[in-house]
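One file, my_file_18.cif, is given below (mmCIF, C-alpha atoms and all ligand atoms).
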data_query
loop_
_atom_site.label_atom_id
_atom_site.label_comp_id
_atom_site.auth_asym_id
_atom_site.auth_seq_id
_atom_site.Cartn_x
_atom_site.Cartn_y
_atom_site.Cartn_z
CA MET D 860 113.99 165.64 92.51
CA SER D 861 112.43 169.07 92.59
CA TYR D 862 109.84 169.93 89.97
CA LYS D 863 106.55 171.81 89.74
CA PRO D 864 103.74 169.24 89.64
CA ILE D 865 100.79 169.66 87.29
CA ARG D 866 97.40 169.48 89.00
CA THR D 867 94.84 170.77 86.49
CA LEU D 868 94.48 171.16 82.74
CA PHE D 869 93.83 174.89 83.14
CA GLU D 870 97.43 175.62 84.09
CA LEU D 871 98.74 174.25 80.77
CA PRO D 872 99.83 176.63 78.00
CA THR D 873 97.53 177.43 75.07
CA GLU D 874 100.36 177.73 72.55
CA GLU D 875 101.79 174.33 71.72
CA ASN D 876 105.02 173.10 70.17
CA LEU D 877 103.15 170.64 67.92
CA ALA D 878 100.85 172.33 65.40
CA PRO D 879 97.86 170.80 63.63
CA GLY D 880 97.84 170.06 59.90
CA HIS D 881 100.30 167.15 60.28
CA ARG D 882 99.52 163.90 58.44
CA MET D 883 99.37 161.45 61.34
CA CYS D 884 96.31 159.18 60.96
CA SER D 885 92.97 160.30 62.34
CA GLY D 886 92.80 159.26 66.01
CA CYS D 887 96.53 158.46 66.29
CA GLY D 888 97.68 157.82 69.88
CA VAL D 889 101.21 159.03 69.16
CA THR D 890 100.37 162.70 68.71
CA VAL D 891 98.08 162.60 71.76
CA GLY D 892 101.16 161.53 73.73
CA VAL D 893 103.56 163.97 72.08
CA ARG D 894 101.16 166.86 72.75
CA GLN D 895 100.84 165.91 76.42
CA ILE D 896 104.62 165.64 76.77
CA LEU D 897 105.29 168.99 75.11
CA LEU D 898 102.55 170.68 77.17
CA ALA D 899 104.40 169.55 80.31
CA ALA D 900 107.87 170.47 79.01
CA PRO D 901 109.38 173.99 78.92
CA LYS D 902 108.65 175.95 75.75
CA ASP D 903 112.34 176.24 74.77
CA VAL D 904 112.73 172.48 74.25
CA ILE D 905 114.72 170.96 71.36
CA VAL D 906 113.22 167.81 69.82
CA VAL D 907 114.98 164.96 68.03
CA THR D 908 112.93 162.28 66.28
CA ALA D 909 113.92 158.87 64.95
CA THR D 910 112.47 157.68 61.63
CA GLY D 911 108.90 156.47 62.01
CA CYS D 912 105.33 157.75 61.79
CA LEU D 913 106.00 160.76 64.01
CA GLU D 914 108.92 161.88 61.87
CA VAL D 915 107.51 161.10 58.43
CA SER D 916 104.07 162.53 59.10
CA THR D 917 104.93 165.74 60.95
CA VAL D 918 107.36 167.03 58.33
CA ALA D 919 105.79 166.46 54.92
CA TYR D 920 108.13 168.83 53.05
CA PRO D 921 107.82 171.81 52.74
CA TYR D 922 105.58 171.80 55.82
CA THR D 923 106.59 171.26 59.42
CA ALA D 924 104.27 170.78 62.38
CA TRP D 925 106.97 171.73 64.88
CA ARG D 926 107.07 175.10 66.57
CA CYS D 927 110.29 174.28 68.46
CA PRO D 928 113.71 173.42 66.95
CA TRP D 929 113.43 169.88 65.60
CA VAL D 930 115.83 167.50 63.88
CA HIS D 931 115.73 164.08 62.28
CA VAL D 932 118.87 162.34 61.07
CA ALA D 933 118.21 158.61 60.72
CA PHE D 934 116.31 155.66 62.15
CA GLU D 935 118.98 154.25 64.43
CA ASN D 936 120.58 157.31 65.98
CA ALA D 937 118.02 159.57 67.72
CA ALA D 938 119.82 159.13 71.06
CA ALA D 939 123.21 159.85 69.47
CA VAL D 940 121.88 163.03 67.83
CA ALA D 941 120.38 164.14 71.14
CA SER D 942 123.75 163.43 72.83
CA GLY D 943 125.55 165.67 70.34
CA ILE D 944 123.09 168.50 70.82
CA GLU D 945 123.32 168.23 74.58
CA ALA D 946 127.12 168.14 74.54
CA ALA D 947 127.24 171.23 72.30
CA LEU D 948 124.79 173.12 74.53
CA LYS D 949 126.82 172.15 77.57
CA ALA D 950 129.99 173.54 76.00
CA LEU D 951 128.18 176.77 75.09
CA GLU D 952 126.85 177.09 78.62
CA ARG D 953 130.36 176.64 80.00
CA LYS D 954 131.57 179.43 77.72
CA GLY D 955 128.88 181.74 79.04
CA TYR D 956 126.34 181.59 76.22
CA GLY D 957 123.25 181.21 78.38
CA LYS D 958 121.42 178.25 79.84
CA ARG D 959 121.14 174.75 78.37
CA HIS D 960 117.87 173.93 76.61
CA PRO D 961 116.04 170.75 77.53
CA VAL D 962 116.39 168.03 74.86
CA ILE D 963 113.77 165.35 74.17
CA ALA D 964 114.31 162.46 71.74
CA PHE D 965 111.34 160.48 70.42
CA GLY D 966 111.68 157.02 68.91
CA GLY D 967 109.08 154.40 68.03
CA ASP D 968 109.30 150.86 69.36
CA GLY D 969 111.11 149.81 66.17
CA GLY D 970 113.49 152.74 66.58
CA THR D 971 114.08 151.97 70.25
CA TYR D 972 113.71 148.25 71.08
CA ASP D 973 115.53 147.19 67.91
CA ILE D 974 117.28 149.62 65.61
CA GLY D 975 118.23 152.43 68.00
CA ILE D 976 119.10 150.37 71.06
CA GLN D 977 122.88 150.75 70.79
CA ALA D 978 122.66 154.54 70.35
CA LEU D 979 120.29 154.68 73.33
CA SER D 980 122.55 152.50 75.47
CA GLY D 981 125.58 154.65 74.62
CA ALA D 982 123.77 157.90 75.43
CA LEU D 983 122.47 156.55 78.76
CA GLU D 984 125.92 155.26 79.68
CA ARG D 985 127.63 158.56 78.84
CA GLY D 986 125.17 160.36 81.09
CA HIS D 987 123.82 163.07 78.78
CA ARG D 988 121.14 165.29 80.27
CA PHE D 989 118.18 164.49 78.02
CA LEU D 990 114.85 162.70 78.02
CA TYR D 991 114.35 159.76 75.67
CA VAL D 992 110.72 158.83 74.98
CA CYS D 993 109.94 155.50 73.38
CA TYR D 994 106.46 155.86 71.93
CA ASP D 995 105.38 152.26 71.75
CA ASN D 996 102.70 151.35 69.21
CA GLU D 997 104.01 147.80 69.35
CA ALA D 998 105.07 147.37 65.71
CA TYR D 999 106.77 149.15 62.79
CA MET D 1000 103.64 151.02 61.78
CA ASN D 1001 104.89 153.54 59.25
CA THR D 1002 105.99 150.80 56.86
CA GLY D 1003 102.82 148.74 57.28
CA ILE D 1004 102.65 146.89 60.63
CA GLN D 1005 105.76 144.68 60.86
CA ARG D 1006 106.57 143.02 64.19
CA SER D 1007 109.23 144.54 66.46
CA GLY D 1008 110.87 143.55 69.74
CA GLY D 1009 108.04 145.48 71.38
CA THR D 1010 105.20 143.54 69.75
CA PRO D 1011 103.51 141.31 72.33
CA TYR D 1012 103.27 137.53 72.06
CA GLY D 1013 100.35 136.18 70.01
CA THR D 1014 99.90 139.42 68.07
CA TRP D 1015 98.96 139.53 64.41
CA THR D 1016 101.20 141.76 62.29
CA THR D 1017 101.87 141.54 58.55
CA THR D 1018 105.07 139.59 59.33
CA THR D 1019 103.53 137.43 62.08
CA PRO D 1020 100.24 136.16 60.64
CA PHE D 1021 98.25 133.64 62.65
CA GLY D 1022 97.19 130.31 61.17
CA LYS D 1023 97.52 126.58 61.73
CA VAL D 1024 101.22 126.71 62.62
CA ARG D 1025 101.52 129.95 64.65
CA PRO D 1026 99.22 132.03 66.83
CA GLY D 1027 100.78 135.30 65.62
CA LYS D 1028 104.10 136.47 67.07
CA THR D 1029 105.81 133.65 68.98
CA GLU D 1030 108.30 135.71 70.99
CA VAL D 1031 107.83 137.68 74.21
CA LYS D 1032 107.60 141.52 74.37
CA LYS D 1033 111.14 142.51 75.32
CA ASN D 1034 111.63 144.01 78.80
CA LEU D 1035 112.80 147.41 77.57
CA MET D 1036 112.45 149.12 80.95
CA GLY D 1037 114.67 146.43 82.49
CA ILE D 1038 117.39 147.15 79.92
CA VAL D 1039 117.16 150.91 80.45
CA VAL D 1040 117.09 150.67 84.26
CA ALA D 1041 120.19 148.44 84.15
CA HIS D 1042 122.16 151.52 83.01
CA GLY D 1043 121.62 153.02 86.46
CA ILE D 1044 120.14 156.28 85.13
CA PRO D 1045 118.43 158.69 87.57
CA TYR D 1046 114.88 158.30 86.25
CA ALA D 1047 112.84 155.91 84.09
CA ALA D 1048 109.07 155.51 83.91
CA THR D 1049 106.25 153.94 81.96
CA ALA D 1050 103.18 155.98 80.99
CA SER D 1051 99.93 155.80 79.07
CA ILE D 1052 98.24 158.55 77.04
CA SER D 1053 95.01 157.82 78.94
CA HIS D 1054 96.62 158.95 82.23
CA TRP D 1055 97.64 162.47 81.21
CA LYS D 1056 98.47 163.77 84.69
CA ASP D 1057 100.63 160.77 85.51
CA LEU D 1058 102.46 161.20 82.17
CA MET D 1059 102.90 164.97 82.49
CA ASN D 1060 104.32 164.77 86.00
CA LYS D 1061 106.70 162.03 84.90
CA VAL D 1062 107.89 164.35 82.12
CA ARG D 1063 108.46 167.18 84.62
CA LYS D 1064 110.33 164.83 86.92
CA ALA D 1065 112.41 163.42 84.06
CA LEU D 1066 113.41 166.87 82.83
CA SER D 1067 114.47 167.93 86.34
CA CYS D 1068 117.22 165.26 86.38
CA ASP D 1069 120.84 166.17 85.89
CA GLY D 1070 121.38 163.19 83.63
CA PRO D 1071 119.54 160.86 81.28
CA SER D 1072 115.90 160.00 81.79
CA PHE D 1073 113.56 157.67 79.94
CA ILE D 1074 109.81 157.33 79.42
CA HIS D 1075 108.20 154.26 77.90
CA LEU D 1076 104.85 155.50 76.58
CA LEU D 1077 102.07 153.24 75.32
CA THR D 1078 100.47 154.82 72.22
CA PRO D 1079 97.69 152.72 70.67
CA CYS D 1080 97.63 152.76 66.85
CA ASN D 1081 94.19 152.17 65.35
CA ARG D 1082 95.65 151.13 61.97
CA GLY D 1083 97.96 148.48 63.37
CA TRP D 1084 95.89 147.30 66.32
CA ARG D 1085 92.69 147.22 64.25
CA PHE D 1086 90.14 149.24 66.22
CA ASP D 1087 87.86 152.25 65.67
CA PRO D 1088 89.96 155.47 65.95
CA ALA D 1089 87.46 156.95 68.44
CA GLN D 1090 88.50 154.22 70.93
CA THR D 1091 92.21 155.17 71.15
CA ILE D 1092 92.08 156.54 74.70
CA ARG D 1093 89.68 153.77 75.88
CA ILE D 1094 92.15 151.13 74.67
CA ALA D 1095 95.09 152.88 76.36
CA LYS D 1096 93.06 152.96 79.58
CA LEU D 1097 92.11 149.28 79.29
CA ALA D 1098 95.81 148.44 78.90
CA VAL D 1099 96.36 149.92 82.37
CA GLU D 1100 93.16 148.61 83.98
CA THR D 1101 93.82 145.01 82.87
CA ARG D 1102 97.46 145.18 84.11
CA TYR D 1103 98.63 144.71 80.51
CA PHE D 1104 100.72 147.89 80.84
CA PRO D 1105 101.71 148.69 84.45
CA LEU D 1106 102.39 152.35 85.18
CA TYR D 1107 105.47 152.75 87.35
CA GLU D 1108 108.63 154.75 87.79
CA VAL D 1109 112.19 153.97 88.83
CA GLU D 1110 113.85 156.85 90.62
CA ASN D 1111 117.53 156.24 91.43
CA GLY D 1112 116.91 152.51 91.40
CA VAL D 1113 113.75 152.60 93.55
CA TYR D 1114 110.63 151.19 91.87
CA ARG D 1115 107.18 152.64 92.57
CA ILE D 1116 103.87 151.75 90.96
CA THR D 1117 102.24 155.13 90.27
CA VAL D 1118 98.80 153.79 89.28
CA PRO D 1119 98.12 150.63 91.31
CA VAL D 1120 95.56 148.20 89.86
CA PRO D 1121 94.27 146.20 92.84
CA ARG D 1122 91.26 144.74 90.99
CA PRO D 1123 92.24 144.26 87.35
CA LYS D 1124 89.62 143.94 84.62
CA PRO D 1125 89.79 140.64 82.73
CA ILE D 1126 92.52 140.74 80.07
CA GLU D 1127 89.91 139.49 77.57
CA GLU D 1128 88.42 143.00 77.55
CA PHE D 1129 91.70 144.36 76.21
CA ILE D 1130 92.06 141.47 73.73
CA LYS D 1131 88.57 141.54 72.29
CA ALA D 1132 88.72 145.26 71.59
CA GLN D 1133 91.47 144.79 68.98
CA GLY D 1134 91.58 142.92 65.68
CA ARG D 1135 95.31 142.17 66.10
CA LEU D 1136 94.63 140.04 69.20
CA ARG D 1137 91.00 138.91 68.91
CA HIS D 1138 91.89 135.54 67.31
CA LEU D 1139 93.39 134.50 70.68
CA LEU D 1140 89.82 134.08 71.98
CA ARG D 1141 89.08 131.32 69.44
CA PRO D 1142 89.14 127.81 70.90
CA GLU D 1143 92.04 126.70 68.68
CA TYR D 1144 94.29 129.36 70.26
CA ALA D 1145 93.51 128.47 73.90
CA ASP D 1146 97.16 127.60 74.60
CA ALA D 1147 98.36 130.84 73.07
CA LEU D 1148 95.83 132.78 75.15
CA ALA D 1149 97.12 131.07 78.30
CA THR D 1150 100.71 132.02 77.34
CA PHE D 1151 99.65 135.63 76.66
CA LYS D 1152 97.92 135.84 80.04
CA LYS D 1153 100.89 134.32 81.84
CA GLN D 1154 103.29 136.83 80.29
CA VAL D 1155 101.06 139.71 81.39
CA GLU D 1156 100.75 138.34 84.93
CA ASP D 1157 104.47 137.56 85.18
CA TYR D 1158 105.40 141.08 84.13
CA TYR D 1159 103.07 142.70 86.65
CA SER D 1160 104.41 140.43 89.42
CA TYR D 1161 107.94 141.32 88.39
CA VAL D 1162 107.18 145.04 88.78
CA GLU D 1163 105.54 144.38 92.17
CA MET D 1164 108.53 142.31 93.25
CA MET D 1165 110.98 145.03 92.20
CA THR D 1166 108.88 147.58 94.10
CA LYS D 1167 109.08 145.48 97.27
CA ALA D 1168 112.74 144.65 96.81
CA THR D 1169 113.81 148.29 96.44
CA SER D 1170 111.40 149.88 98.93
CA SER D 1171 113.93 149.98 101.78
CA LYS D 1172 116.69 151.51 99.64
CA MET B 134 127.14 165.64 40.48
CA LYS B 135 128.70 169.02 39.79
CA VAL B 136 129.22 171.29 42.78
CA LYS B 137 126.67 173.80 41.51
CA GLU B 138 123.98 171.11 41.44
CA LEU B 139 124.87 170.13 44.96
CA GLU B 140 124.32 173.71 46.02
CA GLU B 141 120.92 173.71 44.38
CA HIS B 142 120.00 170.38 45.95
CA PRO B 143 121.53 170.30 49.42
CA THR B 144 121.81 166.87 51.06
CA PHE B 145 119.56 167.94 53.89
CA ALA B 146 116.14 169.54 53.99
CA ALA B 147 115.45 172.48 56.25
CA VAL B 148 112.26 174.36 56.94
CA LEU B 149 112.88 177.60 58.76
CA PRO B 150 109.46 179.07 59.64
CA PRO B 151 107.82 177.02 62.43
CA ALA B 152 104.43 175.30 62.40
CA THR B 153 103.74 175.79 58.68
CA SER B 154 101.53 172.67 58.69
CA GLU B 155 98.79 174.97 60.00
CA GLU B 156 98.33 176.11 56.39
CA TYR B 157 97.44 172.57 55.40
CA ASP B 158 93.73 171.75 55.36
CA THR B 159 92.61 168.28 56.51
CA THR B 160 88.86 168.94 56.26
CA GLY B 161 88.56 166.31 53.53
CA TRP B 162 89.88 163.62 55.90
CA ARG B 163 86.65 163.37 57.83
CA ALA B 164 83.22 161.85 57.25
CA PHE B 165 81.81 163.05 60.58
CA LYS B 166 82.42 166.30 62.41
CA PRO B 167 82.16 167.03 66.12
CA VAL B 168 79.58 169.55 67.33
CA VAL B 169 79.56 170.84 70.91
CA ASP B 170 76.50 171.74 72.96
CA LYS B 171 77.80 174.85 74.77
CA GLU B 172 75.06 174.54 77.40
CA LYS B 173 76.20 171.07 78.42
CA CYS B 174 79.95 171.74 78.10
CA THR B 175 81.50 172.32 81.53
CA GLY B 176 84.84 173.49 80.12
CA CYS B 177 86.74 170.63 81.78
CA LEU B 178 89.18 170.41 78.80
CA ILE B 179 89.25 166.60 78.76
CA CYS B 180 88.50 166.56 75.00
CA TRP B 181 91.25 169.12 74.47
CA VAL B 182 93.95 167.04 76.17
CA TYR B 183 93.01 163.93 74.15
CA CYS B 184 92.71 165.44 70.66
CA PRO B 185 95.56 164.16 68.45
CA GLU B 186 95.84 167.21 66.18
CA PRO B 187 95.23 169.59 68.19
CA ALA B 188 91.92 170.75 66.65
CA ILE B 189 90.17 171.92 69.80
CA ILE B 190 90.53 175.56 70.75
CA ARG B 191 90.16 176.86 74.30
CA THR B 192 87.89 179.89 74.24
CA PRO B 193 88.04 182.87 76.63
CA ASP B 194 84.66 181.88 78.13
CA ARG B 195 86.48 178.76 79.43
CA LYS B 196 84.74 176.47 76.94
CA ILE B 197 85.89 174.87 73.70
CA GLU B 198 85.47 175.31 69.98
CA PHE B 199 86.54 173.15 67.05
CA ASP B 200 89.16 174.05 64.47
CA TYR B 201 87.36 172.48 61.51
CA LYS B 202 90.26 173.14 59.14
CA HIS B 203 92.34 170.63 61.09
CA CYS B 204 89.87 168.24 62.75
CA LYS B 205 90.16 164.77 61.18
CA GLY B 206 86.87 163.52 62.64
CA CYS B 207 88.36 160.69 64.71
CA GLY B 208 85.59 160.89 67.32
CA ILE B 209 87.90 160.65 70.38
CA CYS B 210 86.40 163.86 71.82
CA GLU B 211 82.86 162.47 71.59
CA VAL B 212 83.87 159.27 73.40
CA GLU B 213 85.92 161.02 76.10
CA CYS B 214 83.63 163.95 76.96
CA PRO B 215 82.47 163.15 80.53
CA VAL B 216 79.11 164.96 80.14
CA LYS B 217 78.37 163.89 76.54
CA ALA B 218 78.36 167.46 75.24
CA ILE B 219 79.97 166.46 71.92
CA LYS B 220 78.16 164.70 69.08
CA MET B 221 79.67 163.49 65.82
CA VAL B 222 77.41 164.47 62.89
CA LYS B 223 77.67 163.35 59.29
CA GLU B 224 79.36 165.79 56.92
CA VAL B 225 77.17 166.86 54.03
C1 LIG R 1 117.84 152.11 58.51
C2 LIG R 1 116.42 152.14 58.02
N1 LIG R 1 115.75 150.97 57.87
C3 LIG R 1 114.46 150.98 57.46
C4 LIG R 1 113.80 152.16 57.20
C5 LIG R 1 112.35 152.13 56.74
N2 LIG R 1 111.43 152.57 57.76
C6 LIG R 1 110.96 153.83 57.82
S1 LIG R 1 109.84 154.10 59.06
C7 LIG R 1 109.96 152.48 59.56
C8 LIG R 1 109.11 151.97 60.68
C9 LIG R 1 109.36 152.62 62.00
O1 LIG R 1 108.78 151.86 63.02
P1 LIG R 1 108.78 152.37 64.54
O2 LIG R 1 110.12 152.77 64.97
O3 LIG R 1 108.10 151.32 65.36
O4 LIG R 1 107.89 153.68 64.50
P2 LIG R 1 106.38 153.84 63.97
O5 LIG R 1 106.44 153.89 62.48
O6 LIG R 1 105.60 152.68 64.48
O7 LIG R 1 105.93 155.14 64.54
C10 LIG R 1 110.86 151.77 58.74
C11 LIG R 1 111.14 150.33 58.85
C12 LIG R 1 114.54 153.36 57.37
N3 LIG R 1 113.98 154.56 57.14
N4 LIG R 1 115.84 153.32 57.78
S1 LIG R 2 99.98 154.16 61.49
FE1 LIG R 2 99.40 154.18 63.64
S2 LIG R 2 101.10 155.20 64.71
FE2 LIG R 2 101.29 155.67 62.53
S3 LIG R 2 100.23 157.65 62.27
FE3 LIG R 2 98.74 156.01 61.84
S4 LIG R 2 97.69 155.62 63.79
FE4 LIG R 2 99.57 156.77 64.23
S1 LIG R 3 87.03 164.52 66.21
FE1 LIG R 3 89.18 163.98 66.73
S2 LIG R 3 90.39 165.48 65.54
FE2 LIG R 3 88.30 166.29 65.62
S3 LIG R 3 88.30 167.65 67.42
FE3 LIG R 3 87.53 165.61 68.10
S4 LIG R 3 89.40 164.59 68.90
FE4 LIG R 3 90.10 166.31 67.62
#
Take the structure in the file and give it back as structure tokens.
Ligand SMILES: Cc1ncc(C[n+]2csc(CCOP(=O)(O)OP(=O)(O)O)c2C)c(N)n1
Ligand code: SF4
Ligand code: SF4
Amino acid sequence: MSYKPIRTLFELPTEENLAPGHRMCSGCGVTVGVRQILLAAPKDVIVVTATGCLEVSTVAYPYTAWRCPWVHVAFENAAAVASGIEAALKALERKGYGKRHPVIAFGGDGGTYDIGIQALSGALERGHRFLYVCYDNEAYMNTGIQRSGGTPYGTWTTTTPFGKVRPGKTEVKKNLMGIVVAHGIPYAATASISHWKDLMNKVRKALSCDGPSFIHLLTPCNRGWRFDPAQTIRIAKLAVETRYFPLYEVENGVYRITVPVPRPKPIEEFIKAQGRLRHLLRPEYADALATFKKQVEDYYSYVEMMTKATSSK
Amino acid sequence: MKVKELEEHPTFAAVLPPATSEEYDTTGWRAFKPVVDKEKCTGCLICWVYCPEPAIIRTPDRKIEFDYKHCKGCGICEVECPVKAIKMVKEV
């Protein structure tokens, strides 16, 4: 894959495709991520957004925060809309009407893990040249913190309260990357808003593919995760440093950990920083804490194992 | 619905001029505002890349300035500044 890597912040453009004055919450991790992605992408990008905070809060009619062409159709079909745009641009290119624009689709975890998964699967299988970004704040935040397939085990949400019977959510965080990679697409990666250079170079790489690419971006939400908005980037960083959220990429089937974590910080540091998880540290939830830890360790080992298994490919 | 009404109320919404949200003032969202010590600021742009709005402006002298019309006072820039050049101060 040939792309121009980003080395310093000074080389990034001063005019951005996301303008201020949007209504995303103070300290929201989602717009930090979207800004970083758009700073790394070409200026002539076309953006599609699924229903969710990013859509609702950037286009409070009659205002729009977007400087590039932008479209929202529904919750479940961001990848299908992006497919249509890409197919149309491809036809125009064939007829001699200039070059194809890059297309980026954004969907929340609700819009990707659950509601939009069939549209995403179809678009990846058909091989459209576009980048799909799942911005993962680990619940349906725009409607008031309901659990999704991306919510981790043991988490408090308004639909998974903790109490005598349950420790919060009782199901595992779905392996979304595994599902995406199984489509055999050229490029898929995870990223965190705390590691801007890693994220931006993954965006450049993704957009250089002649086919579908995918980025799974962790975007802490202070409203839903219950922490002080000033800590958004700290929390995203802790997620990486505790191995909660491994940063890796899968290029033509080959796994590579891009930010290795040889000496992880204790997972308790990540847990105690957030009201949605803090109950796990109470003695009565010791079993749930052990399960949470095991799921985090198992997932990191799985990524390491896949890295080893595909290294000779 | 009669056809004329449909024409007046199309089933989609479109906004043609880009970035009109810049007209919208979010000053009232914040209780604290960031203030930068230009002597301490090294111009590294770390605060700029982590601001969610964006409400940090890159100045020609390779430093930063705040766009107070759009800053929501989250305090991320104060926490992330590597040389502690930004302080959040109470709005009066
Ligand atoms: C088909 C459909 N079902 C439900 C809704 C209501 N709804 C709007 S936003 C939203 C939550 C979106 O959650 P997610 O995709 O995780 O994005 P986030 O809000 O967290 O950014 C829901 C349920 C809708 N707009 N359309
Ligand atoms: S609810 Fe969370 S994800 Fe949505 S705008 Fe607020 S901070 Fe961002
Ligand atoms: S306080 Fe938050 S919104 Fe204001 S400039 Fe700093 S990072 Fe941006």
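Remark: for ligand LIG 3 (chain R), the closest of the candidate residues D:Gly955, D:Gly880, D:Gly1070, D:Pro1125 is D:Gly880 (distances computed over only C-alpha atoms and all ligand atoms).
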- Task: Residues within 7 Å of ligand LIG 2 (chain R), counting only C-alpha atoms and all ligand atoms: report them as a list in words.
- Result: Met883, Cys884, Ser885, Gly886, Cys887, Gly888, Val889, Cys912, Leu913, Ser916, Asn996, Met1000, Asn1001, Cys1080, Asn1081, Arg1082 and Gly1083 of chain D
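With only C-alpha atoms and all ligand atoms as the atoms that count, the residue of D:Ile905, D:Leu1077, D:Leu897, D:Ala924 with the shortest distance to ligand LIG 1 (chain R) is D:Leu1077.
Closest to ligand LIG 3 (chain R) among B:Lys220, B:Arg195, B:Leu178, B:Lys166 is B:Lys166, based on only C-alpha atoms and all ligand atoms.
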- Item | Distance filter 10 Å, only C-alpha atoms, chain D against chain B, as a VMD selection string | chain D and resid 867 to 869 871 873 875 to 895 898 917 to 932 1052 to 1053 1055 1087 to 1093
Dump C-alpha atoms for the selected residues as a tab-separated table (two decimals), in the coordinates of the input?
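Output file selection34.tsv follows:
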chain	number	residue	atom	x	y	z
D	867	THR	CA	94.84	170.77	86.49
D	868	LEU	CA	94.48	171.16	82.74
D	869	PHE	CA	93.83	174.89	83.14
D	871	LEU	CA	98.74	174.25	80.77
D	873	THR	CA	97.53	177.43	75.07
D	875	GLU	CA	101.79	174.33	71.72
D	876	ASN	CA	105.02	173.10	70.17
D	877	LEU	CA	103.15	170.64	67.92
D	878	ALA	CA	100.85	172.33	65.40
D	879	PRO	CA	97.86	170.80	63.63
D	880	GLY	CA	97.84	170.06	59.90
D	881	HIS	CA	100.30	167.15	60.28
D	882	ARG	CA	99.52	163.90	58.44
D	883	MET	CA	99.37	161.45	61.34
D	884	CYS	CA	96.31	159.18	60.96
D	885	SER	CA	92.97	160.30	62.34
D	886	GLY	CA	92.80	159.26	66.01
D	887	CYS	CA	96.53	158.46	66.29
D	888	GLY	CA	97.68	157.82	69.88
D	889	VAL	CA	101.21	159.03	69.16
D	890	THR	CA	100.37	162.70	68.71
D	891	VAL	CA	98.08	162.60	71.76
D	892	GLY	CA	101.16	161.53	73.73
D	893	VAL	CA	103.56	163.97	72.08
D	894	ARG	CA	101.16	166.86	72.75
D	895	GLN	CA	100.84	165.91	76.42
D	898	LEU	CA	102.55	170.68	77.17
D	917	THR	CA	104.93	165.74	60.95
D	918	VAL	CA	107.36	167.03	58.33
D	919	ALA	CA	105.79	166.46	54.92
D	920	TYR	CA	108.13	168.83	53.05
D	921	PRO	CA	107.82	171.81	52.74
D	922	TYR	CA	105.58	171.80	55.82
D	923	THR	CA	106.59	171.26	59.42
D	924	ALA	CA	104.27	170.78	62.38
D	925	TRP	CA	106.97	171.73	64.88
D	926	ARG	CA	107.07	175.10	66.57
D	927	CYS	CA	110.29	174.28	68.46
D	928	PRO	CA	113.71	173.42	66.95
D	929	TRP	CA	113.43	169.88	65.60
D	930	VAL	CA	115.83	167.50	63.88
D	931	HIS	CA	115.73	164.08	62.28
D	932	VAL	CA	118.87	162.34	61.07
D	1052	ILE	CA	98.24	158.55	77.04
D	1053	SER	CA	95.01	157.82	78.94
D	1055	TRP	CA	97.64	162.47	81.21
D	1087	ASP	CA	87.86	152.25	65.67
D	1088	PRO	CA	89.96	155.47	65.95
D	1089	ALA	CA	87.46	156.95	68.44
D	1090	GLN	CA	88.50	154.22	70.93
D	1091	THR	CA	92.21	155.17	71.15
D	1092	ILE	CA	92.08	156.54	74.70
D	1093	ARG	CA	89.68	153.77	75.88
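Within the 9 Å cut-off around Lys173 of chain B, using all atoms listed in the file and omitting residues fewer than 5 positions from it on the same chain, the listed residues are B:Val216, B:Lys217, B:Ala218, B:Ile219.
Relative to atom CA of Tyr1107 of chain D, atom CA of Ala998 of chain D is found at 22.3 Å.
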Please write as a compact mmCIF listing (two decimals) with C-alpha atoms, in the frame of the given file the list of polymer residues whose atoms come within 9 Å of (102.2, 148.2, 81.0), counting only C-alpha atoms and keeping to the coordinates of the file.
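Now in selection_38.txt:
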# COMPACT_ATOMS: atom_id res chain seq x y z
CA THR D 1049 106.25 153.94 81.96
CA ALA D 1050 103.18 155.98 80.99
CA SER D 1051 99.93 155.80 79.07
CA LEU D 1076 104.85 155.50 76.58
CA LEU D 1077 102.07 153.24 75.32
CA ALA D 1098 95.81 148.44 78.90
CA VAL D 1099 96.36 149.92 82.37
CA ARG D 1102 97.46 145.18 84.11
CA TYR D 1103 98.63 144.71 80.51
CA PHE D 1104 100.72 147.89 80.84
CA PRO D 1105 101.71 148.69 84.45
CA LEU D 1106 102.39 152.35 85.18
CA TYR D 1107 105.47 152.75 87.35
CA VAL D 1155 101.06 139.71 81.39
CA TYR D 1158 105.40 141.08 84.13
CA TYR D 1159 103.07 142.70 86.65
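Take atom CA of Lys223 of chain B and atom FE1 of ligand LIG 3 (chain R): the distance between them is 13.7 Å.
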- Environment of ligand LIG 1 (chain R) within 8 Å, counting all atoms listed in the file, reported as JSON, numbers by chain: {"D": [889, 909, 910, 911, 912, 913, 914, 915, 933, 934, 935, 966, 967, 968, 969, 970, 971, 974, 994, 995, 996, 997, 998, 999, 1000, 1001, 1002, 1003, 1004, 1007]}
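Pairwise distance (atom CA of Cys174 of chain B, atom CA of Lys196 of chain B) equals 6.8 Å.
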